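S.K.: Supplied structure: target-v6.cif, mmCIF, C-alpha atoms; chains and numbers go by the auth columns.
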data_protein
#
loop_
_atom_site.group_PDB
_atom_site.id
_atom_site.type_symbol
_atom_site.label_atom_id
_atom_site.label_comp_id
_atom_site.label_asym_id
_atom_site.label_seq_id
_atom_site.Cartn_x
_atom_site.Cartn_y
_atom_site.Cartn_z
_atom_site.B_iso_or_equiv
_atom_site.auth_seq_id
_atom_site.auth_asym_id
ATOM 1 C CA MET A 1 39.259 20.296 -5.049 0.00 1 A
ATOM 2 C CA ASN A 2 40.680 19.578 -1.642 0.00 2 A
ATOM 3 C CA ASP A 3 37.844 18.423 0.560 0.00 3 A
ATOM 4 C CA PRO A 4 39.237 17.858 4.062 0.00 4 A
ATOM 5 C CA ALA A 5 36.278 15.698 5.112 0.00 5 A
ATOM 6 C CA LYS A 6 36.718 13.395 2.089 0.00 6 A
ATOM 7 C CA GLN A 7 40.469 13.204 2.618 0.00 7 A
ATOM 8 C CA PHE A 8 39.926 12.269 6.270 0.00 8 A
ATOM 9 C CA ALA A 9 37.351 9.597 5.332 0.00 9 A
ATOM 10 C CA ASP A 10 39.661 8.155 2.652 0.00 10 A
ATOM 11 C CA ARG A 11 42.586 7.976 5.069 0.00 11 A
ATOM 12 C CA HIS A 12 40.541 6.274 7.784 0.00 12 A
ATOM 13 C CA ARG A 13 38.555 3.836 5.678 0.00 13 A
ATOM 14 C CA LEU A 14 39.282 0.243 6.583 0.00 14 A
ATOM 15 C CA PRO A 15 40.594 -1.794 3.641 0.00 15 A
ATOM 16 C CA THR A 16 37.656 -4.234 3.881 0.00 16 A
ATOM 17 C CA GLN A 17 35.007 -1.537 4.225 0.00 17 A
ATOM 18 C CA GLU A 18 32.878 -1.321 1.087 0.00 18 A
ATOM 19 C CA THR A 19 31.591 1.990 -0.156 0.00 19 A
ATOM 20 C CA ALA A 20 28.007 2.072 -1.355 0.00 20 A
ATOM 21 C CA PRO A 21 27.625 2.659 -5.093 0.00 21 A
ATOM 22 C CA ARG A 22 26.230 5.988 -6.243 0.00 22 A
ATOM 23 C CA LEU A 23 22.608 5.348 -7.236 0.00 23 A
ATOM 24 C CA GLU A 24 20.971 7.407 -9.961 0.00 24 A
ATOM 25 C CA ILE A 25 17.367 7.239 -11.197 0.00 25 A
ATOM 26 C CA ARG A 26 16.797 7.486 -14.949 0.00 26 A
ATOM 27 C CA PRO A 27 13.867 6.807 -17.287 0.00 27 A
ATOM 28 C CA ILE A 28 13.904 3.523 -19.197 0.00 28 A
ATOM 29 C CA GLY A 29 11.820 2.230 -22.087 0.00 29 A
ATOM 30 C CA PHE A 30 9.314 -0.566 -21.597 0.00 30 A
ATOM 31 C CA ARG A 31 11.183 -3.038 -23.820 0.00 31 A
ATOM 32 C CA ASP A 32 14.472 -2.576 -21.919 0.00 32 A
ATOM 33 C CA ALA A 33 12.722 -2.765 -18.541 0.00 33 A
ATOM 34 C CA CYS A 34 11.007 -6.013 -19.578 0.00 34 A
ATOM 35 C CA ALA A 35 14.311 -7.486 -20.748 0.00 35 A
ATOM 36 C CA PHE A 36 15.822 -6.758 -17.315 0.00 36 A
ATOM 37 C CA VAL A 37 12.820 -8.360 -15.559 0.00 37 A
ATOM 38 C CA ALA A 38 13.015 -11.430 -17.821 0.00 38 A
ATOM 39 C CA ALA A 39 16.689 -11.846 -16.949 0.00 39 A
ATOM 40 C CA HIS A 40 16.564 -11.143 -13.199 0.00 40 A
ATOM 41 C CA HIS A 41 13.104 -11.531 -11.578 0.00 41 A
ATOM 42 C CA ARG A 42 12.751 -14.474 -9.187 0.00 42 A
ATOM 43 C CA HIS A 43 9.119 -15.413 -9.804 0.00 43 A
ATOM 44 C CA HIS A 44 7.419 -13.221 -12.423 0.00 44 A
ATOM 45 C CA ARG A 45 7.510 -12.649 -16.147 0.00 45 A
ATOM 46 C CA PRO A 46 7.461 -9.092 -17.526 0.00 46 A
ATOM 47 C CA PRO A 47 4.020 -7.432 -17.466 0.00 47 A
ATOM 48 C CA GLN A 48 1.856 -6.800 -20.535 0.00 48 A
ATOM 49 C CA GLY A 49 2.036 -3.014 -20.503 0.00 49 A
ATOM 50 C CA HIS A 50 2.927 0.070 -18.504 0.00 50 A
ATOM 51 C CA LYS A 51 2.259 3.742 -17.943 0.00 51 A
ATOM 52 C CA PHE A 52 5.945 4.469 -17.275 0.00 52 A
ATOM 53 C CA SER A 53 9.131 2.761 -16.134 0.00 53 A
ATOM 54 C CA VAL A 54 12.145 3.946 -14.159 0.00 54 A
ATOM 55 C CA ALA A 55 15.617 2.490 -13.765 0.00 55 A
ATOM 56 C CA VAL A 56 18.312 2.775 -11.140 0.00 56 A
ATOM 57 C CA PHE A 57 21.946 2.841 -12.154 0.00 57 A
ATOM 58 C CA ALA A 58 24.756 2.027 -9.724 0.00 58 A
ATOM 59 C CA ASP A 59 27.938 3.753 -10.827 0.00 59 A
ATOM 60 C CA SER A 60 26.611 3.887 -14.441 0.00 60 A
ATOM 61 C CA LYS A 61 25.569 0.180 -14.496 0.00 61 A
ATOM 62 C CA LEU A 62 21.885 -0.772 -14.752 0.00 62 A
ATOM 63 C CA ALA A 63 21.013 -2.201 -11.330 0.00 63 A
ATOM 64 C CA GLY A 64 17.218 -2.374 -11.364 0.00 64 A
ATOM 65 C CA VAL A 65 13.904 -1.339 -12.883 0.00 65 A
ATOM 66 C CA ALA A 66 10.386 -0.522 -11.758 0.00 66 A
ATOM 67 C CA ILE A 67 7.451 -0.891 -14.150 0.00 67 A
ATOM 68 C CA ILE A 68 4.364 1.095 -13.209 0.00 68 A
ATOM 69 C CA GLY A 69 0.944 0.630 -14.771 0.00 69 A
ATOM 70 C CA ARG A 70 -2.767 0.452 -14.077 0.00 70 A
ATOM 71 C CA PRO A 71 -3.862 -1.633 -11.094 0.00 71 A
ATOM 72 C CA VAL A 72 -4.290 -5.292 -11.994 0.00 72 A
ATOM 73 C CA ALA A 73 -7.325 -5.596 -9.681 0.00 73 A
ATOM 74 C CA ARG A 74 -10.110 -3.853 -11.594 0.00 74 A
ATOM 75 C CA ARG A 75 -11.840 -2.586 -8.429 0.00 75 A
ATOM 76 C CA LEU A 76 -8.737 -0.530 -7.657 0.00 76 A
ATOM 77 C CA ASP A 77 -8.513 0.941 -11.184 0.00 77 A
ATOM 78 C CA ASP A 78 -10.151 4.303 -10.432 0.00 78 A
ATOM 79 C CA GLY A 79 -7.977 6.393 -12.754 0.00 79 A
ATOM 80 C CA LEU A 80 -6.092 7.914 -9.817 0.00 80 A
ATOM 81 C CA THR A 81 -4.270 4.777 -8.657 0.00 81 A
ATOM 82 C CA ALA A 82 -1.072 3.442 -10.202 0.00 82 A
ATOM 83 C CA GLU A 83 0.505 0.060 -9.441 0.00 83 A
ATOM 84 C CA VAL A 84 4.149 -0.932 -9.393 0.00 84 A
ATOM 85 C CA THR A 85 3.540 -4.148 -11.315 0.00 85 A
ATOM 86 C CA ARG A 86 7.202 -5.226 -11.344 0.00 86 A
ATOM 87 C CA LEU A 87 10.254 -4.162 -9.423 0.00 87 A
ATOM 88 C CA CYS A 88 13.461 -6.032 -10.014 0.00 88 A
ATOM 89 C CA THR A 89 17.094 -5.405 -9.059 0.00 89 A
ATOM 90 C CA ASP A 90 20.379 -7.213 -9.397 0.00 90 A
ATOM 91 C CA GLY A 91 20.793 -7.112 -5.600 0.00 91 A
ATOM 92 C CA THR A 92 22.531 -3.729 -5.405 0.00 92 A
ATOM 93 C CA LYS A 93 22.136 -2.323 -1.899 0.00 93 A
ATOM 94 C CA ASN A 94 19.333 0.270 -1.577 0.00 94 A
ATOM 95 C CA ALA A 95 18.345 -0.030 -5.253 0.00 95 A
ATOM 96 C CA ALA A 96 14.822 -1.299 -4.508 0.00 96 A
ATOM 97 C CA SER A 97 14.104 1.493 -2.000 0.00 97 A
ATOM 98 C CA LYS A 98 15.399 4.065 -4.480 0.00 98 A
ATOM 99 C CA LEU A 99 13.094 2.667 -7.185 0.00 99 A
ATOM 100 C CA TYR A 100 10.016 2.573 -4.942 0.00 100 A
ATOM 101 C CA GLY A 101 10.638 6.186 -3.929 0.00 101 A
ATOM 102 C CA ALA A 102 11.102 7.278 -7.546 0.00 102 A
ATOM 103 C CA ALA A 103 7.985 5.400 -8.722 0.00 103 A
ATOM 104 C CA ARG A 104 5.976 7.149 -6.030 0.00 104 A
ATOM 105 C CA ARG A 105 7.320 10.626 -6.860 0.00 105 A
ATOM 106 C CA VAL A 106 6.814 10.254 -10.627 0.00 106 A
ATOM 107 C CA ALA A 107 3.279 8.879 -10.222 0.00 107 A
ATOM 108 C CA MET A 108 2.314 11.713 -7.874 0.00 108 A
ATOM 109 C CA ALA A 109 3.817 14.265 -10.296 0.00 109 A
ATOM 110 C CA MET A 110 1.635 12.745 -13.045 0.00 110 A
ATOM 111 C CA GLY A 111 -1.490 13.312 -10.924 0.00 111 A
ATOM 112 C CA TYR A 112 -2.025 9.906 -9.376 0.00 112 A
ATOM 113 C CA ARG A 113 -3.283 10.089 -5.788 0.00 113 A
ATOM 114 C CA ARG A 114 -2.260 6.572 -4.714 0.00 114 A
ATOM 115 C CA VAL A 115 0.408 4.083 -5.714 0.00 115 A
ATOM 116 C CA ILE A 116 0.129 0.424 -4.743 0.00 116 A
ATOM 117 C CA THR A 117 2.193 -2.724 -5.045 0.00 117 A
ATOM 118 C CA TYR A 118 2.188 -6.260 -3.694 0.00 118 A
ATOM 119 C CA THR A 119 4.819 -8.463 -2.075 0.00 119 A
ATOM 120 C CA LEU A 120 4.625 -12.113 -1.175 0.00 120 A
ATOM 121 C CA ALA A 121 3.632 -12.511 2.477 0.00 121 A
ATOM 122 C CA SER A 122 6.951 -14.290 3.004 0.00 122 A
ATOM 123 C CA GLU A 123 8.885 -11.159 1.948 0.00 123 A
ATOM 124 C CA PRO A 124 9.580 -8.577 4.680 0.00 124 A
ATOM 125 C CA GLY A 125 8.936 -5.406 2.625 0.00 125 A
ATOM 126 C CA THR A 126 11.991 -3.650 4.048 0.00 126 A
ATOM 127 C CA SER A 127 12.564 -1.607 0.874 0.00 127 A
ATOM 128 C CA LEU A 128 8.954 -0.426 0.809 0.00 128 A
ATOM 129 C CA PHE A 129 9.038 0.547 4.466 0.00 129 A
ATOM 130 C CA ALA A 130 12.326 2.399 3.908 0.00 130 A
ATOM 131 C CA ALA A 131 10.776 4.289 0.979 0.00 131 A
ATOM 132 C CA GLY A 132 7.855 5.440 3.144 0.00 132 A
ATOM 133 C CA TRP A 133 5.166 3.017 1.977 0.00 133 A
ATOM 134 C CA GLY A 134 2.733 1.347 4.369 0.00 134 A
ATOM 135 C CA ALA A 135 1.283 -2.172 4.422 0.00 135 A
ATOM 136 C CA VAL A 136 -2.502 -1.903 4.193 0.00 136 A
ATOM 137 C CA ARG A 137 -3.810 -5.474 3.929 0.00 137 A
ATOM 138 C CA THR A 138 -3.061 -9.097 3.222 0.00 138 A
ATOM 139 C CA THR A 139 -4.786 -10.707 0.260 0.00 139 A
ATOM 140 C CA ALA A 140 -5.880 -14.325 0.137 0.00 140 A
ATOM 141 C CA ALA A 141 -3.895 -16.894 -1.809 0.00 141 A
ATOM 142 C CA GLN A 142 -5.944 -17.451 -4.953 0.00 142 A
ATOM 143 C CA SER A 143 -5.735 -17.998 -8.671 0.00 143 A
ATOM 144 C CA TRP A 144 -6.865 -15.592 -11.383 0.00 144 A
ATOM 145 C CA SER A 145 -8.517 -18.573 -13.071 0.00 145 A
ATOM 146 C CA ARG A 146 -12.293 -18.915 -12.736 0.00 146 A
ATOM 147 C CA PRO A 147 -14.740 -21.441 -14.224 0.00 147 A
ATOM 148 C CA SER A 148 -16.047 -18.714 -16.547 0.00 148 A
ATOM 149 C CA ARG A 149 -12.544 -17.661 -17.670 0.00 149 A
ATOM 150 C CA ARG A 150 -9.728 -20.146 -17.393 0.00 150 A
ATOM 151 C CA ARG A 151 -6.210 -18.812 -16.770 0.00 151 A
ATOM 152 C CA ASP A 152 -2.847 -20.543 -16.689 0.00 152 A
ATOM 153 C CA ASP A 153 -1.240 -19.158 -13.517 0.00 153 A
ATOM 154 C CA LYS A 154 2.429 -18.377 -14.045 0.00 154 A
ATOM 155 C CA HIS A 155 2.998 -16.739 -10.678 0.00 155 A
ATOM 156 C CA PRO A 156 3.138 -17.912 -7.054 0.00 156 A
ATOM 157 C CA ILE A 157 -0.317 -18.563 -5.627 0.00 157 A
ATOM 158 C CA THR A 158 0.240 -17.488 -2.050 0.00 158 A
ATOM 159 C CA GLU A 159 -0.862 -14.725 0.314 0.00 159 A
ATOM 160 C CA LYS A 160 0.337 -11.265 -0.672 0.00 160 A
ATOM 161 C CA VAL A 161 0.652 -7.985 1.199 0.00 161 A
ATOM 162 C CA ARG A 162 -0.675 -4.836 -0.462 0.00 162 A
ATOM 163 C CA TRP A 163 1.420 -1.737 0.174 0.00 163 A
ATOM 164 C CA GLU A 164 0.486 1.822 -0.691 0.00 164 A
ATOM 165 C CA ALA A 165 1.698 5.378 -0.705 0.00 165 A
ATOM 166 C CA THR A 166 -0.756 8.266 -1.047 0.00 166 A
ATOM 167 C CA CYS A 167 -0.835 12.019 -1.548 0.00 167 A
ATOM 168 C CA GLU A 168 -3.649 13.593 0.405 0.00 168 A
ATOM 169 C CA GLY A 169 -5.271 16.817 -0.785 0.00 169 A
ATOM 170 C CA GLY A 170 -2.479 17.796 -3.132 0.00 170 A
ATOM 171 C CA GLY A 171 -0.051 18.191 -0.252 0.00 171 A
ATOM 172 C CA ALA A 172 3.026 16.228 0.661 0.00 172 A
ATOM 173 C CA CYS A 173 2.996 12.501 0.010 0.00 173 A
ATOM 174 C CA SER A 174 2.377 10.298 3.032 0.00 174 A
ATOM 175 C CA THR A 175 1.555 6.694 3.826 0.00 175 A
#
Once more with this new file: its structure as structure tokens, please.

M.R.:
Amino acid sequence: MNDPAKQFADRHRLPTQETAPRLEIRPIGFRDACAFVAAHHRHHRPPQGHKFSVAVFADSKLAGVAIIGRPVARRLDDGLTAEVTRLCTDGTKNAASKLYGAARRVAMAMGYRRVITYTLASEPGTSLFAAGWGAVRTTAAQSWSRPSRRRDDKHPITEKVRWEATCEGGGACST
């Protein structure tokens, strides 16, 4: 079809101006999501399990995954809270925000009332903010290892920021 607006934009696009890839959310199996995390995540291994996973494709190429499961912190595991335990992209612009938004929508559609995730305190959280999440607290830098149950920490032991998105009273989702 002849779209005058598209024709105008194509004619006036600077040669160096990049067009953003078309991002599309799709489901992805746990094994494939874990393989992507193992290949691309900066500081974490794939998680042990999940409730569901979503992927973002940029122009038909896998650009990132989000793995959503039960909250790792047992005090937050109330049956109505889901946690984005891993989110990993290949650096495609806006892919992380797209994944955080999709994870939130799918979790809320499944009946969860709150979705949480953590970032290192040194990370700005721009993608979470853009997806409508809010920072709720900073956690202390500590190990999962305790004298009564030794653990081999394979993650950064530093302060983290907990982010959350909620759905109040069955209405529209809000932070």

S.K.: What would the selection look like, as a list in words, if the PyMOL selection byres ((chain A and resi 68) around 10) were run on the coordinates I just shared?

M.R.: Phe30, Pro47, Gly49, His50, Lys51, Phe52, Ser53, Val54, Val65, Ala66, Ile67, Gly69, Arg70, Pro71, Ala82, Glu83, Val84, Thr85, Arg86, Leu87, Ala103, Arg104, Val106, Ala107, Val115, Ile116 and Thr117 of chain A

S.K.: Dump as a list in words all residues having an atom at most 9 Å from (-7.3, 9.3, -13.3), computed in the file's coordinates with only C-alpha atoms.

M.R.: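 Applying the cut-off with only C-alpha atoms, one gets Asp77, Asp78, Gly79, Leu80, Thr81, Gly111, Tyr112 and Arg113 of chain A.
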
S.K.: If I take CA of Ser97 in chain A and CA of Ala39 in chain A, how far is one from the other in Å, to one decimal?

M.R.: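 Rounded to one decimal, the two atoms are 20.2 Å apart.
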
S.K.: Evaluate the PyMOL selection byres ((chain A and resi 135) around 8) and record the selected residues as a list of chain:residue names, following the chain and residue labels used in the document.

M.R.: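 Applying the expression gives A:Trp133, A:Gly134, A:Val136, A:Arg137, A:Val161, A:Arg162, A:Trp163, A:Glu164.
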
S.K.: Between A:Tyr118, A:Asn94, A:Gly29, A:Ala165, which has the minimum distance to Ala73 in chain A (counting only C-alpha atoms)?

M.R.: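 Under the stated criterion, the closest residue is A:Tyr118.
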
S.K.: Where does the PyMOL selection byres ((chain A and resi 60) around 10) land in this file, that is, which residues does it pick, as number ranges by chain?

M.R.: A: 21-24, 56-59, 61-63

S.K.: For each of A:Pro147, A:Gly132, A:Pro46, A:Gly125, take the minimum atom-to-atom distance to Ala102 in chain A, counting only C-alpha atoms, then give the residue where this is smallest.

M.R.: A:Gly132

S.K.: Separation of CA of Ala131 in chain A and CA of Arg26 in chain A, in Å?

M.R.: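 According to the coordinates, CA of Ala131 in chain A and CA of Arg26 in chain A are separated by 17.3 Å.
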
S.K.: Please determine, counting only C-alpha atoms, which residue among A:Thr126, A:Thr92, A:Thr139, A:Asn2 has the shortest atom-to-atom distance to Thr158 in chain A.

M.R.: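 Result for the nearest residue to Thr158 in chain A: A:Thr139.
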
S.K.: Have a look at CA of Thr138 in chain A and CA of Thr89 in chain A and let me know their distance in Å, one decimal.

M.R.: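 That distance, rounded to one decimal, is 23.9 Å.
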
S.K.: With only C-alpha atoms as the atoms that count, which of A:Cys167, A:Ala20, A:Ala96, A:Ala140 lies nearest to Met108 in chain A?

M.R.: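 Checking each candidate against Met108 in chain A, we get A:Cys167 as the closest.
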